[in-house]
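Student: Supplied in structure tokens, the structure appears directly below.
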Amino acid sequence: MGKCIIMDKRKIANQLVKDRLFSALVDFAGEKDWSKVKVTELIEKSGVARASFYRNFKSVEEIIGYGIHKLSLEYHEKMPALTESPHSREMILYKFRFYREHADLVLAFHHAKISTTLLDVITDCEIDAYGDMPANSIAKYELYYFAGAFYNMLLCWLEGGMRETPEAMTDEFLRIAGSFSQRQGAPENL
């Protein structure tokens, strides 16, 4: 039993190290691109020993992956059970609320020029909700359209200081998507 307690303490200690390193990396957002952050700068800012860094990560890029993975896990854990379409008002509202709660992190990714990775996460969430489309299906582009439109609207809202409520943003997003669908003659199931 003593061995399990030691293992749990090590896991907890490693988790704290990972979180401190990721937090320090987020602090660099806006100051410099994350691709230019050196390990030495990161360990100084985080107060973590160099050995602890290398015990948990091989590179700064792995810390970025860790942060994205952590955000993605939380997104899926808190996501309401799908009772309707993944593009229902309930799901869009959840997304705006979730990303408002994590606005600092989303903006840190954006300002550190890691936006594509975050867009990939949002796209993957769409694929998880809808299921992956066969490569030869033209319908697969709807997933990318929806993820890109949501991501760009989200960034504009976050950078603008989130003056509108998540409810207002949800209604506007659905209005725009519905308006676009009607003009294009597409079904209104967005």
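Lettering and numbering for the structure tokens are positional, with chains as A, B, ... in the shown order, residues counted from 1 in each chain, and ligands counted from 1 in the shown order.
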So which residues touch range 74-77 of chain A within 12 Å, counting only C-alpha atoms, skipping near sequence neighbours fewer than 3 positions away, as a PyMOL selection string?
Tutor: chain A and resi 67-71+80-82+91+94-99+101-102+121-122+124-126+128-129
Student: Sorted by chain and rising residue number, which residues of range 75-153 of chain A lie within 7 Å of range 20-37 of chain A, and what are their closest atom pairs and distances in Å to one decimal, counting only C-alpha atoms, as JSON lines?
Tutor:
```
{"residue": "A:Ala108", "atom": "CA", "partner": "A:Ala29", "partner_atom": "CA", "distance": 5.0}
{"residue": "A:His111", "atom": "CA", "partner": "A:Gly30", "partner_atom": "CA", "distance": 5.2}
{"residue": "A:Ala112", "atom": "CA", "partner": "A:Asp33", "partner_atom": "CA", "distance": 4.7}
{"residue": "A:Lys113", "atom": "CA", "partner": "A:Asp33", "partner_atom": "CA", "distance": 6.3}
```
Student: Quick one: distance from CA of Leu158 in chain A to CA of Phe109 in chain A in Å, one decimal?
Tutor: 12.2 Å
Student: Could you pull out the alpha helix (DSSP H) residues of chain A, going by DSSP on the backbone, and write them as a ChimeraX atom specification?
Tutor: /A:2-27,39-46,50-56,60-78,89-101,103-111,115-130,140-159,166-184
Student: Compile the contact shell of Phe57 in chain A as a ChimeraX atom specification: residues with an atom at most 10 Å away, counting only C-alpha atoms, same-chain residues fewer than 4 positions apart removed.
Tutor: /A:18,21,51-53,61-63,66
Student: Enter the distance from CA of Ser72 in chain A to CA of Leu155 in chain A, in Å, rounded to one decimal.
Tutor: 17.3 Å
Student: Can you work out the spacing between CA of His87 in chain A and CA of Tyr151 in chain A in Å, to one decimal?
Tutor: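 Atom-to-atom, CA of His87 in chain A to CA of Tyr151 in chain A, that is 13.8 Å.
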Student: I'd like to know which of A:Ile64, A:Phe173, A:Val106, A:Ala49 is closest to Phe146 in chain A, using only C-alpha atoms.
Tutor: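 With only C-alpha atoms as the atom set, the closest residue is A:Phe173.
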Student: Tell me which protein, DNA and RNA residues are within 8 Å of Thr123 in chain A, counting only C-alpha atoms, leaving out same-chain ones fewer than 6 positions away, and put them as a ChimeraX atom specification.
Tutor: /A:143-144,147-148
